[in-house]
$ cat protein13.cif   # mmCIF, C-alpha atoms
data_run
loop_
_atom_site.label_atom_id
_atom_site.label_comp_id
_atom_site.auth_asym_id
_atom_site.auth_seq_id
_atom_site.Cartn_x
_atom_site.Cartn_y
_atom_site.Cartn_z
CA MET A 1 -3.12 -34.65 -33.92
CA ASN A 2 -0.57 -33.60 -36.50
CA GLN A 3 -1.20 -33.16 -40.17
CA ILE A 4 -1.76 -36.64 -41.48
CA THR A 5 0.34 -37.95 -44.32
CA ILE A 6 -0.97 -41.31 -45.38
CA GLY A 7 1.19 -43.62 -47.43
CA ASP A 8 -0.09 -45.70 -50.31
CA ILE A 9 1.69 -48.96 -49.51
CA VAL A 10 -0.87 -51.40 -48.13
CA ARG A 11 -0.81 -55.16 -47.77
CA GLY A 12 -4.32 -56.41 -48.42
CA ASP A 13 -7.62 -54.68 -49.15
CA ARG A 14 -7.08 -50.90 -49.12
CA GLU A 15 -10.41 -50.26 -47.43
CA VAL A 16 -9.78 -52.73 -44.64
CA PHE A 17 -6.05 -52.72 -43.92
CA PRO A 18 -4.05 -49.72 -42.72
CA PRO A 19 -1.24 -48.27 -44.83
CA TYR A 20 2.25 -48.82 -43.45
CA LEU A 21 2.90 -45.08 -43.37
CA TYR A 22 0.38 -43.17 -41.29
CA GLU A 23 2.25 -40.18 -39.96
CA ALA A 24 -0.21 -39.34 -37.22
CA TYR A 25 1.08 -42.55 -35.63
CA GLN A 26 4.66 -41.41 -35.31
CA SER A 27 6.31 -44.81 -35.02
CA THR A 28 5.31 -45.56 -38.61
CA ARG A 29 7.57 -42.83 -40.00
CA ARG A 30 10.88 -44.65 -39.83
CA ARG A 31 9.50 -48.18 -39.96
CA ALA A 32 7.10 -48.12 -42.90
CA PRO A 33 8.52 -49.49 -46.14
CA ARG A 34 8.69 -46.86 -48.89
CA LEU A 35 9.01 -49.14 -51.90
CA ALA A 36 6.08 -50.92 -53.49
CA LEU A 37 5.31 -54.41 -52.22
CA ILE A 38 6.20 -57.14 -54.68
CA ASP A 39 3.42 -59.18 -56.26
CA VAL A 40 4.34 -62.84 -56.02
CA PRO A 41 2.47 -66.04 -56.81
CA LEU A 42 0.88 -67.97 -53.98
CA THR A 43 2.66 -71.23 -53.41
CA LEU A 44 2.52 -74.17 -51.04
CA SER A 45 4.66 -72.11 -48.66
CA GLU A 46 1.83 -69.61 -48.14
CA LEU A 47 -1.01 -72.13 -48.23
CA THR A 48 0.56 -73.99 -45.33
CA GLY A 49 1.47 -72.44 -42.00
CA PRO A 50 2.25 -73.12 -38.37
CA GLY A 51 -1.29 -72.59 -37.08
CA PRO A 52 -2.35 -76.21 -36.71
CA THR A 53 0.87 -77.28 -35.01
CA ILE A 54 0.95 -75.04 -31.96
CA SER A 55 -1.11 -76.34 -29.09
CA ALA A 56 0.88 -76.67 -25.88
CA ILE A 57 -1.37 -74.65 -23.61
CA THR A 58 -3.55 -75.22 -20.58
CA PRO A 59 -7.11 -74.10 -19.82
CA GLU A 60 -5.76 -71.82 -17.08
CA ASP A 61 -3.99 -69.78 -19.75
CA ALA A 62 -7.36 -68.32 -20.79
CA ASP A 63 -8.11 -66.91 -17.31
CA LEU A 64 -6.19 -63.66 -17.00
CA THR A 65 -7.81 -62.88 -13.65
CA ARG A 66 -5.89 -65.74 -12.04
CA ASN A 67 -3.06 -66.82 -14.32
CA ALA A 68 -0.45 -64.74 -12.49
CA GLY A 69 -0.13 -67.78 -10.25
CA THR A 70 -0.14 -65.74 -7.04
CA GLY A 71 -3.32 -67.30 -5.72
CA GLY A 72 -4.85 -63.82 -5.83
CA GLU A 73 -7.28 -62.33 -8.29
CA ALA A 74 -6.71 -59.35 -10.58
CA ILE A 75 -8.39 -56.07 -9.63
CA GLY A 76 -10.91 -54.65 -12.06
CA GLN A 77 -14.22 -55.20 -13.78
CA ARG A 78 -14.31 -58.91 -14.59
CA ILE A 79 -15.23 -59.53 -18.22
CA ILE A 80 -15.73 -62.47 -20.56
CA VAL A 81 -14.50 -61.93 -24.10
CA THR A 82 -15.72 -64.55 -26.53
CA GLY A 83 -16.41 -64.97 -30.21
CA ARG A 84 -15.58 -67.04 -33.23
CA VAL A 85 -12.64 -67.14 -35.58
CA LEU A 86 -13.97 -67.51 -39.12
CA ASP A 87 -12.44 -67.48 -42.55
CA ASP A 88 -13.67 -65.20 -45.30
CA ARG A 89 -16.20 -67.78 -46.46
CA GLY A 90 -17.65 -67.96 -42.98
CA HIS A 91 -16.16 -71.32 -42.11
CA PRO A 92 -15.07 -71.68 -38.47
CA VAL A 93 -11.33 -71.95 -37.87
CA PRO A 94 -11.01 -74.71 -35.25
CA ASN A 95 -8.09 -75.50 -32.93
CA THR A 96 -6.15 -72.36 -33.69
CA LEU A 97 -4.02 -70.44 -31.23
CA LEU A 98 -5.04 -66.99 -30.00
CA GLU A 99 -2.62 -65.04 -27.86
CA ILE A 100 -3.74 -61.85 -26.13
CA TRP A 101 -2.11 -59.11 -24.08
CA GLN A 102 -3.47 -56.00 -22.42
CA ALA A 103 -2.99 -53.28 -19.83
CA ASN A 104 -4.39 -53.75 -16.34
CA ALA A 105 -7.50 -52.00 -15.05
CA ALA A 106 -5.46 -48.85 -14.42
CA GLY A 107 -4.09 -48.79 -17.96
CA ARG A 108 -0.61 -50.01 -17.02
CA TYR A 109 1.29 -52.76 -18.82
CA LEU A 110 3.57 -55.09 -16.94
CA HIS A 111 6.59 -54.26 -19.08
CA LYS A 112 9.90 -52.59 -18.31
CA ARG A 113 9.32 -49.99 -21.02
CA ASP A 114 5.99 -48.91 -19.52
CA GLN A 115 6.89 -46.47 -16.76
CA TRP A 116 3.93 -44.10 -16.53
CA PRO A 117 2.66 -43.66 -12.95
CA GLY A 118 -0.33 -45.97 -13.18
CA PRO A 119 -0.36 -48.67 -10.49
CA LEU A 120 0.72 -52.22 -11.23
CA ASP A 121 -1.42 -55.10 -10.07
CA PRO A 122 0.65 -57.95 -8.62
CA ASN A 123 -2.11 -60.40 -9.52
CA PHE A 124 -2.28 -59.45 -13.18
CA LEU A 125 0.19 -60.37 -15.91
CA GLY A 126 -1.99 -59.15 -18.76
CA MET A 127 -1.38 -62.09 -21.05
CA GLY A 128 -3.40 -65.11 -22.01
CA ARG A 129 -3.94 -67.62 -24.75
CA CYS A 130 -6.37 -70.27 -25.85
CA LEU A 131 -7.26 -72.52 -28.74
CA THR A 132 -10.52 -72.18 -30.60
CA ASN A 133 -12.80 -75.18 -30.26
CA GLU A 134 -14.24 -77.27 -33.10
CA GLU A 135 -16.75 -74.49 -33.88
CA GLY A 136 -14.02 -71.85 -33.96
CA VAL A 137 -15.11 -70.39 -30.62
CA TYR A 138 -12.65 -68.81 -28.22
CA ARG A 139 -13.29 -67.52 -24.70
CA PHE A 140 -11.21 -65.49 -22.28
CA LEU A 141 -11.92 -64.37 -18.75
CA THR A 142 -10.07 -61.15 -17.92
CA ILE A 143 -10.56 -57.68 -16.50
CA ARG A 144 -11.48 -54.65 -18.52
CA PRO A 145 -8.27 -52.80 -19.42
CA GLY A 146 -7.91 -49.11 -18.68
CA ALA A 147 -7.02 -46.45 -21.24
CA TYR A 148 -3.31 -46.04 -21.72
CA PRO A 149 -1.37 -42.76 -22.04
CA TRP A 150 1.42 -42.60 -24.62
CA LYS A 151 3.75 -39.99 -26.01
CA ASN A 152 2.65 -40.03 -29.65
CA HIS A 153 1.24 -36.49 -29.42
CA PRO A 154 0.27 -34.12 -26.59
CA ASN A 155 -2.24 -35.68 -24.19
CA ALA A 156 -2.41 -38.87 -26.21
CA TRP A 157 -4.40 -41.78 -24.78
CA ARG A 158 -4.99 -45.14 -26.38
CA PRO A 159 -8.59 -46.29 -26.00
CA ALA A 160 -9.00 -49.43 -23.90
CA HIS A 161 -8.00 -52.38 -26.06
CA ILE A 162 -6.87 -55.98 -26.02
CA HIS A 163 -4.15 -57.12 -28.44
CA PHE A 164 -4.87 -60.34 -30.33
CA SER A 165 -2.48 -62.58 -32.27
CA VAL A 166 -4.18 -65.21 -34.45
CA PHE A 167 -2.62 -67.96 -36.56
CA GLY A 168 -5.41 -69.62 -38.53
CA LEU A 169 -4.84 -72.37 -41.06
CA SER A 170 -2.14 -70.92 -43.29
CA MET A 171 0.41 -68.16 -43.61
CA LEU A 172 -2.29 -66.10 -45.30
CA SER A 173 -4.46 -66.10 -42.19
CA ARG A 174 -1.82 -64.78 -39.77
CA LEU A 175 -3.14 -61.67 -38.04
CA ALA A 176 -2.17 -59.33 -35.23
CA THR A 177 -4.87 -56.86 -34.30
CA GLN A 178 -6.59 -55.09 -31.41
CA MET A 179 -10.08 -55.38 -29.99
CA TYR A 180 -11.74 -52.25 -28.67
CA PHE A 181 -14.72 -51.64 -26.40
CA PRO A 182 -17.98 -49.98 -27.45
CA ASP A 183 -18.88 -46.34 -26.80
CA ASP A 184 -15.37 -45.12 -26.06
CA PRO A 185 -14.86 -41.39 -26.76
CA LEU A 186 -11.15 -42.03 -27.33
CA HIS A 187 -11.78 -43.99 -30.53
CA ARG A 188 -12.03 -40.93 -32.75
CA LEU A 189 -8.81 -39.50 -31.28
CA ASP A 190 -6.71 -42.62 -31.74
CA PRO A 191 -4.35 -42.66 -34.74
CA VAL A 192 -3.77 -46.42 -34.51
CA MET A 193 -7.45 -47.21 -34.87
CA ASN A 194 -8.02 -44.41 -37.38
CA ALA A 195 -5.28 -45.73 -39.64
CA VAL A 196 -7.89 -48.30 -40.69
CA PRO A 197 -9.43 -46.52 -43.70
CA ALA A 198 -13.07 -47.60 -43.79
CA GLU A 199 -15.42 -46.82 -40.93
CA ALA A 200 -17.04 -50.23 -41.32
CA ALA A 201 -13.65 -51.90 -40.91
CA ARG A 202 -12.91 -49.81 -37.81
CA GLU A 203 -16.26 -50.77 -36.33
CA ARG A 204 -15.44 -54.42 -36.84
CA LEU A 205 -12.58 -53.94 -34.36
CA ILE A 206 -15.08 -53.00 -31.64
CA ALA A 207 -16.57 -55.77 -29.52
CA ALA A 208 -20.29 -55.76 -28.75
CA TYR A 209 -21.64 -55.87 -25.24
CA ASP A 210 -23.70 -59.08 -25.13
CA HIS A 211 -25.96 -59.61 -22.16
CA SER A 212 -26.35 -63.27 -23.04
CA VAL A 213 -22.61 -63.67 -22.44
CA THR A 214 -22.78 -61.78 -19.15
CA GLU A 215 -22.88 -64.09 -16.15
CA PRO A 216 -24.95 -63.00 -13.15
CA GLU A 217 -22.96 -61.78 -10.18
CA TRP A 218 -19.77 -62.72 -11.97
CA ALA A 219 -18.69 -60.98 -15.19
CA LEU A 220 -19.83 -58.73 -18.05
CA GLY A 221 -19.88 -60.29 -21.50
CA TYR A 222 -18.41 -59.02 -24.77
CA ARG A 223 -18.61 -60.70 -28.13
CA TRP A 224 -16.08 -60.22 -30.91
CA ASP A 225 -15.68 -62.31 -34.05
CA ILE A 226 -12.43 -62.38 -36.01
CA VAL A 227 -12.36 -63.04 -39.75
CA VAL A 228 -9.09 -64.16 -41.34
CA ARG A 229 -8.15 -65.06 -44.91
CA GLY A 230 -8.95 -68.63 -45.85
CA PRO A 231 -6.48 -70.96 -47.58
CA TYR A 232 -8.43 -70.90 -50.82
CA ALA A 233 -6.19 -69.38 -53.41
CA THR A 234 -4.97 -71.81 -56.02
CA PRO A 235 -1.24 -71.75 -56.59
CA PHE A 236 -0.36 -70.44 -60.01
CA GLU A 237 -0.11 -73.22 -62.52
CA SER A 238 2.24 -71.64 -64.96
CA GLU A 239 4.88 -69.01 -65.26
CA ASP A 240 2.48 -66.99 -67.39
CA ALA A 241 0.06 -66.66 -64.52
CA GLY A 242 2.86 -65.46 -62.29
CA GLU A 243 3.90 -62.91 -64.87
CA ALA A 244 0.36 -61.67 -65.30
CA ARG A 245 0.17 -60.81 -61.66
CA SER A 246 3.38 -58.87 -61.44
CA MET B 247 -20.33 -67.91 -51.98
CA SER B 248 -20.72 -65.13 -49.46
CA THR B 249 -17.66 -63.27 -48.41
CA PHE B 250 -17.20 -62.33 -44.80
CA PRO B 251 -15.33 -59.04 -44.44
CA LEU B 252 -11.88 -59.48 -43.00
CA THR B 253 -10.80 -58.22 -39.61
CA SER B 254 -8.27 -55.42 -40.01
CA SER B 255 -4.74 -55.44 -38.69
CA GLN B 256 -3.33 -53.31 -35.88
CA THR B 257 0.20 -52.92 -34.54
CA VAL B 258 1.49 -55.28 -31.88
CA GLY B 259 2.73 -52.16 -30.07
CA PRO B 260 5.70 -52.13 -27.70
CA PHE B 261 4.44 -54.49 -25.01
CA PHE B 262 3.92 -57.87 -26.68
CA ALA B 263 6.98 -59.59 -25.26
CA PRO B 264 5.51 -61.02 -22.04
CA ALA B 265 2.80 -62.73 -24.10
CA LEU B 266 4.48 -63.61 -27.40
CA LEU B 267 8.02 -64.17 -26.13
CA ARG B 268 7.31 -65.98 -22.87
CA GLU B 269 9.58 -68.93 -22.46
CA ASP B 270 7.17 -71.43 -23.96
CA ALA B 271 5.99 -69.08 -26.73
CA ARG B 272 9.27 -68.00 -28.26
CA ARG B 273 10.94 -70.54 -30.48
CA ASN B 274 14.48 -69.66 -31.49
CA VAL B 275 15.50 -73.30 -31.70
CA LEU B 276 13.44 -75.29 -34.20
CA THR B 277 15.48 -78.47 -34.08
CA GLY B 278 15.72 -81.38 -31.69
CA PRO B 279 18.49 -83.96 -31.42
CA GLU B 280 16.68 -86.20 -33.89
CA THR B 281 16.02 -83.60 -36.55
CA ALA B 282 17.34 -84.57 -39.97
CA GLY B 283 19.28 -82.16 -42.14
CA GLU B 284 22.10 -79.67 -42.24
CA ARG B 285 22.13 -77.59 -39.06
CA ILE B 286 22.21 -73.88 -39.76
CA ARG B 287 21.92 -70.73 -37.75
CA ILE B 288 19.91 -67.82 -39.12
CA ALA B 289 21.01 -64.46 -37.76
CA GLY B 290 20.51 -60.84 -38.60
CA ARG B 291 19.21 -57.51 -37.44
CA VAL B 292 16.03 -55.55 -38.00
CA LEU B 293 16.86 -51.97 -38.98
CA ASP B 294 14.67 -48.90 -39.45
CA GLY B 295 14.82 -46.10 -42.03
CA ASP B 296 17.70 -44.41 -40.22
CA GLY B 297 19.67 -47.65 -40.06
CA VAL B 298 18.93 -47.78 -36.34
CA PRO B 299 18.37 -51.24 -34.83
CA VAL B 300 14.77 -52.05 -33.97
CA PRO B 301 14.87 -53.51 -30.46
CA ASP B 302 11.18 -54.34 -30.22
CA ALA B 303 10.40 -56.39 -33.30
CA LEU B 304 9.08 -59.93 -33.54
CA VAL B 305 10.34 -62.16 -36.33
CA GLU B 306 8.50 -65.37 -37.18
CA ILE B 307 9.64 -67.99 -39.68
CA TRP B 308 7.94 -70.92 -41.38
CA GLN B 309 9.78 -73.49 -43.41
CA ALA B 310 9.75 -77.00 -44.81
CA ASN B 311 11.90 -79.71 -43.28
CA ALA B 312 15.18 -80.86 -44.78
CA HIS B 313 13.31 -83.15 -47.17
CA GLY B 314 11.18 -80.32 -48.50
CA ARG B 315 7.94 -81.23 -46.71
CA TYR B 316 5.77 -78.85 -44.71
CA HIS B 317 4.31 -80.09 -41.45
CA HIS B 318 0.81 -79.21 -42.62
CA ALA B 319 -2.16 -81.10 -44.06
CA ALA B 320 -2.12 -79.03 -47.24
CA ASP B 321 1.25 -80.54 -48.15
CA GLN B 322 0.50 -84.02 -49.48
CA GLY B 323 3.79 -84.37 -51.31
CA PRO B 324 5.88 -87.54 -51.28
CA ALA B 325 8.72 -86.11 -49.17
CA PRO B 326 8.76 -87.57 -45.65
CA LEU B 327 7.64 -85.72 -42.56
CA ASP B 328 10.13 -85.32 -39.75
CA PRO B 329 8.30 -85.85 -36.45
CA SER B 330 10.92 -83.81 -34.63
CA PHE B 331 10.49 -80.74 -36.80
CA CYS B 332 7.44 -78.48 -37.12
CA GLY B 333 9.09 -75.62 -39.02
CA PHE B 334 7.83 -72.66 -37.00
CA GLY B 335 10.17 -70.22 -35.31
CA ARG B 336 9.63 -67.03 -33.33
CA SER B 337 12.35 -64.65 -32.15
CA GLY B 338 12.28 -61.26 -30.54
CA THR B 339 14.95 -58.69 -31.34
CA ALA B 340 17.55 -57.60 -28.81
CA GLU B 341 18.70 -54.04 -28.08
CA ASP B 342 21.01 -54.28 -31.09
CA GLY B 343 18.11 -55.32 -33.31
CA SER B 344 19.37 -58.87 -33.59
CA TYR B 345 17.25 -61.98 -34.06
CA TRP B 346 18.35 -65.60 -34.48
CA PHE B 347 17.18 -69.13 -35.12
CA GLU B 348 18.76 -72.55 -34.99
CA THR B 349 17.20 -74.71 -37.64
CA VAL B 350 17.96 -76.94 -40.61
CA LYS B 351 18.28 -75.89 -44.19
CA PRO B 352 14.91 -76.56 -45.82
CA GLY B 353 14.67 -78.80 -48.84
CA PRO B 354 13.12 -77.58 -52.08
CA VAL B 355 9.31 -77.56 -52.09
CA PRO B 356 6.97 -77.86 -55.08
CA PHE B 357 5.78 -74.89 -57.10
CA ALA B 358 3.60 -76.27 -59.90
CA GLY B 359 3.84 -79.43 -61.91
CA GLU B 360 7.38 -80.76 -61.76
CA ARG B 361 8.80 -77.36 -60.98
CA LEU B 362 10.40 -76.78 -57.59
CA GLN B 363 11.03 -73.68 -55.56
CA ALA B 364 14.52 -72.93 -54.36
CA PRO B 365 15.05 -73.63 -50.64
CA HIS B 366 13.62 -70.71 -48.70
CA ILE B 367 12.22 -69.66 -45.36
CA CYS B 368 9.06 -67.55 -45.04
CA VAL B 369 9.65 -64.52 -42.81
CA THR B 370 7.06 -62.38 -41.05
CA VAL B 371 7.90 -59.19 -39.11
CA PHE B 372 5.80 -57.49 -36.47
CA ALA B 373 6.69 -54.35 -34.50
CA ARG B 374 5.51 -51.18 -32.90
CA GLY B 375 4.99 -48.83 -35.83
CA LEU B 376 3.99 -51.63 -38.19
CA LEU B 377 0.22 -51.33 -38.55
CA ASN B 378 0.27 -54.55 -40.54
CA HIS B 379 2.92 -57.24 -40.43
CA LEU B 380 5.47 -57.50 -43.21
CA VAL B 381 5.94 -60.63 -45.30
CA THR B 382 9.10 -61.68 -47.09
CA ARG B 383 11.37 -64.68 -47.65
CA LEU B 384 14.91 -65.65 -46.85
CA TYR B 385 16.89 -67.42 -49.60
CA PHE B 386 20.40 -68.85 -49.42
CA GLU B 387 23.00 -66.94 -51.44
CA ASP B 388 25.00 -70.07 -52.32
CA GLU B 389 22.01 -72.01 -53.61
CA PRO B 390 22.35 -72.64 -57.37
CA THR B 391 18.60 -73.13 -57.88
CA ASN B 392 17.80 -69.54 -56.87
CA SER B 393 17.93 -68.43 -60.49
CA GLY B 394 14.90 -70.58 -61.35
CA ASP B 395 12.79 -69.72 -58.31
CA PRO B 396 9.32 -68.46 -59.32
CA VAL B 397 9.01 -66.04 -56.40
CA LEU B 398 12.53 -64.66 -56.52
CA GLN B 399 12.04 -64.03 -60.23
CA CYS B 400 9.25 -61.58 -59.37
CA VAL B 401 11.67 -59.45 -57.37
CA PRO B 402 13.44 -56.79 -59.44
CA ASP B 403 17.12 -57.61 -60.05
CA ASP B 404 18.39 -54.69 -58.03
CA ARG B 405 16.41 -55.76 -54.95
CA ARG B 406 16.94 -59.52 -55.07
CA ALA B 407 20.04 -59.36 -52.89
CA THR B 408 17.90 -58.10 -49.99
CA LEU B 409 16.48 -61.63 -49.72
CA LEU B 410 19.75 -63.56 -49.99
CA ALA B 411 21.26 -64.62 -46.69
CA ARG B 412 25.07 -64.52 -46.66
CA ARG B 413 26.87 -67.69 -45.67
CA GLU B 414 29.38 -67.38 -42.84
CA SER B 415 31.30 -70.07 -41.05
CA GLY B 416 30.29 -70.32 -37.42
CA ASP B 417 31.81 -72.21 -34.51
CA THR B 418 29.36 -75.08 -34.61
CA ALA B 419 26.98 -74.54 -37.49
CA VAL B 420 26.98 -72.58 -40.70
CA VAL B 421 25.48 -69.13 -40.18
CA TYR B 422 23.29 -67.50 -42.79
CA ARG B 423 23.01 -63.78 -42.12
CA LEU B 424 20.21 -61.57 -43.34
CA ASP B 425 19.37 -58.08 -42.13
CA ILE B 426 15.76 -56.99 -42.49
CA VAL B 427 15.69 -53.33 -43.51
CA LEU B 428 12.25 -51.85 -42.97
CA GLN B 429 12.87 -48.66 -44.92
CA GLY B 430 15.42 -46.73 -46.97
CA ALA B 431 18.75 -47.81 -48.46
CA GLY B 432 18.77 -51.56 -48.90
CA GLU B 433 15.09 -51.81 -48.02
CA THR B 434 14.04 -55.45 -47.93
CA ALA B 435 11.73 -56.56 -50.73
CA PHE B 436 8.44 -57.19 -48.94
CA PHE B 437 5.62 -59.11 -50.57
CA ASN B 438 2.05 -58.21 -51.36
CA LEU B 439 0.68 -61.36 -49.76
#
$ encode --input "protein13.cif" --output "structure tokens"
Amino acid sequence: MNQITIGDIVRGDREVFPPYLYEAYQSTRRRAPRLALIDVPLTLSELTGPGPTISAITPEDADLTRNAGTGGEAIGQRIIVTGRVLDDRGHPVPNTLLEIWQANAAGRYLHKRDQWPGPLDPNFLGMGRCLTNEEGVYRFLTIRPGAYPWKNHPNAWRPAHIHFSVFGLSMLSRLATQMYFPDDPLHRLDPVMNAVPAEAARERLIAAYDHSVTEPEWALGYRWDIVVRGPYATPFESEDAGEARS
Amino acid sequence: MSTFPLTSSQTVGPFFAPALLREDARRNVLTGPETAGERIRIAGRVLDGDGVPVPDALVEIWQANAHGRYHHAADQGPAPLDPSFCGFGRSGTAEDGSYWFETVKPGPVPFAGERLQAPHICVTVFARGLLNHLVTRLYFEDEPTNSGDPVLQCVPDDRRATLLARRESGDTAVVYRLDIVLQGAGETAFFNL
């Protein structure tokens, strides 16, 4: 990897959230803001959000091994990925939309901009979605994605990962992230993952193999919980409070 | 109370479109025939630090309805809900970096006490190269209440214009145009939220 220049503009906890500028991940160089983020008061606009309103999905959407609609099944190691969405007080986030996308078992995305010579799988779209239940639990059936080569630096490979988009209860809880698999030697070489400053925060992006989730003669089980900001902040009551924060 | 450590953010990368912009997941048009309020079109481009259009960004918006009420349980204000309007929009960007929405102009929503916020739309930007999404707001340049808005007042004078959408006359609806500049000259004022 190249010499790493790490920017100091971060939205959120500096230990947990990556800086916008992380030069080892080249795409950040012309896309990271260079000016300080503006401190603003929390208002009703941030303490509300679209999360509770989006629900038009079907149970089939959560089965990526079959949701291509071809009648065939995706090739690869069948896996169950499940866990809970919690807020930062540990309360479950029920009925919230999760959208996921991933490469196929060979590490190829079904996307016109992905042209590396890994094989496509006609029975795999690599996208799924589901709502958490009343206990905040989500569950996907999919295949284990392969590692993915990219052109960020010589011989660059992304570790196997699944992209997650989560809404939660308010604008504050919106999150796009990636779930990784345990014991992958590519983790320490990956600038996207390593842009997360604290080792503990990086480890929280890695799912755990869970034999109690594994189903006999069917699929291996992985467990991964997601923690998003809760809608707890009180809107500022006066101009003075707003001033104090800026 | 115990605090559960937050899950970190990672980029959406270049390949989110089949999942996040599938036909029933994108939402450029927020309005239905019944929706109350002044129809407007929001349009603009996402640009990088070289002024080059970003063709693989995702722009999401969240707004109150024309009466100034959010479709959300946390908004218990007296303004009426509009059953035909949820207030969430999601647009990809095209090769020229352009995004667009058809919506209604939001009404003013409460700040604290009797004080209102100027009409605004919350804007969230995701893209390859953004390790965390960006948060900002769109305001309307011709809105006289902007000068009293508690959030806009936090933005330094010389950067406030980056949040003000310019009014243009369109064929069918008024167009409000706002470019989102990720970096460099004219960089959009992003929020620490």
$ atom_distance --input "protein13.cif" --atom1 "atom CA of Thr142 of chain A" --atom2 "atom CA of Ala103 of chain A"
10.8 Å
$ closest_atom_pairs --input "protein13.cif" --of "chain B" --to "chain A" --cutoff "8 Å" --atoms "all atoms listed in the file" --output "tab-separated table"
residue	atom	partner	partner_atom	distance
B:Met247	CA	A:Arg89	CA	6.9
B:Ser248	CA	A:Arg89	CA	6.0
B:Thr249	CA	A:Arg89	CA	5.1
B:Phe250	CA	A:Asp88	CA	4.6
B:Pro251	CA	A:Asp88	CA	6.4
B:Leu252	CA	A:Val227	CA	4.8
B:Thr253	CA	A:Val227	CA	5.1
B:Ser254	CA	A:Phe17	CA	5.2
B:Ser255	CA	A:Thr177	CA	4.6
B:Gln256	CA	A:Thr177	CA	4.2
B:Thr257	CA	A:Thr177	CA	6.4
B:Val258	CA	A:Ala176	CA	6.4
B:Pro260	CA	A:Arg113	CA	7.9
B:Phe261	CA	A:His111	CA	6.3
B:Phe262	CA	A:Trp101	CA	6.7
B:Pro264	CA	A:Met127	CA	7.0
B:Ala265	CA	A:Met127	CA	5.2
B:Leu266	CA	A:Glu99	CA	7.3
B:Asp294	CA	A:Arg31	CA	5.2
B:Gly295	CA	A:Arg30	CA	4.7
B:Asp296	CA	A:Arg30	CA	6.8
B:Trp308	CA	A:Gly49	CA	6.7
B:Gln309	CA	A:Ser45	CA	7.5
B:Tyr316	CA	A:Thr48	CA	7.2
B:His317	CA	A:Thr53	CA	7.8
B:His318	CA	A:Thr48	CA	5.9
B:Ala319	CA	A:Thr48	CA	7.7
B:Ala320	CA	A:Thr48	CA	6.0
B:Asp321	CA	A:Leu44	CA	7.1
B:Cys332	CA	A:Thr53	CA	7.0
B:Gly333	CA	A:Pro50	CA	7.3
B:Phe334	CA	A:Pro50	CA	5.8
B:Val355	CA	A:Leu44	CA	7.7
B:Pro356	CA	A:Leu44	CA	7.1
B:Phe357	CA	A:Thr43	CA	6.1
B:Ala358	CA	A:Glu237	CA	5.5
B:Gly359	CA	A:Glu237	CA	7.4
B:Cys368	CA	A:Ser45	CA	7.3
B:Arg374	CA	A:Ser27	CA	6.8
B:Gly375	CA	A:Thr28	CA	4.3
B:Leu376	CA	A:Tyr20	CA	6.2
B:Leu377	CA	A:Tyr20	CA	5.9
B:Asn378	CA	A:Tyr20	CA	6.7
B:His379	CA	A:Ala176	CA	7.6
B:Pro396	CA	A:Glu239	CA	7.4
B:Val397	CA	A:Val40	CA	5.7
B:Cys400	CA	A:Val40	CA	6.1
B:Val401	CA	A:Ile38	CA	6.5
B:Leu428	CA	A:Pro33	CA	5.4
B:Gln429	CA	A:Pro33	CA	4.6
B:Gly430	CA	A:Arg34	CA	7.0
B:Glu433	CA	A:Pro33	CA	7.2
B:Ala435	CA	A:Ile38	CA	6.8
B:Phe436	CA	A:Leu37	CA	5.3
B:Phe437	CA	A:Ile38	CA	4.6
B:Asn438	CA	A:Leu37	CA	5.1
B:Leu439	CA	A:Arg11	CA	6.7
$ atom_distance --input "protein13.cif" --atom1 "atom CA of Phe124 of chain A" --atom2 "atom CA of Thr82 of chain A"
19.6 Å
$ resolve_selection --input "protein13.cif" --expression "the PyMOL selection byres ((chain B and resi 413) around 10)" --output "PDB file with C-alpha atoms, keeping the file's coordinate frame"
ATOM      1  CA  ILE B 286      22.210 -73.880 -39.760  1.00  0.00           C
ATOM      2  CA  ARG B 287      21.920 -70.730 -37.750  1.00  0.00           C
ATOM      3  CA  ILE B 288      19.910 -67.820 -39.120  1.00  0.00           C
ATOM      4  CA  PHE B 386      20.400 -68.850 -49.420  1.00  0.00           C
ATOM      5  CA  GLU B 387      23.000 -66.940 -51.440  1.00  0.00           C
ATOM      6  CA  ASP B 388      25.000 -70.070 -52.320  1.00  0.00           C
ATOM      7  CA  LEU B 410      19.750 -63.560 -49.990  1.00  0.00           C
ATOM      8  CA  ALA B 411      21.260 -64.620 -46.690  1.00  0.00           C
ATOM      9  CA  ARG B 412      25.070 -64.520 -46.660  1.00  0.00           C
ATOM     10  CA  GLU B 414      29.380 -67.380 -42.840  1.00  0.00           C
ATOM     11  CA  SER B 415      31.300 -70.070 -41.050  1.00  0.00           C
ATOM     12  CA  GLY B 416      30.290 -70.320 -37.420  1.00  0.00           C
ATOM     13  CA  VAL B 420      26.980 -72.580 -40.700  1.00  0.00           C
ATOM     14  CA  VAL B 421      25.480 -69.130 -40.180  1.00  0.00           C
ATOM     15  CA  TYR B 422      23.290 -67.500 -42.790  1.00  0.00           C
ATOM     16  CA  ARG B 423      23.010 -63.780 -42.120  1.00  0.00           C
ATOM     17  CA  LEU B 424      20.210 -61.570 -43.340  1.00  0.00           C
TER      18      LEU B 424
END
$ residues_around --input "protein13.cif" --residues "segment 298-304 of chain B" --least-positions-apart "2" --cutoff "6 Å" --atoms "all atoms listed in the file" --output "list in words"
Val292, Leu293, Asp294, Asp296, Ser337, Gly338, Thr339, Ala340, Glu341, Asp342, Gly343, Val371, Phe372 and Ala373 of chain B
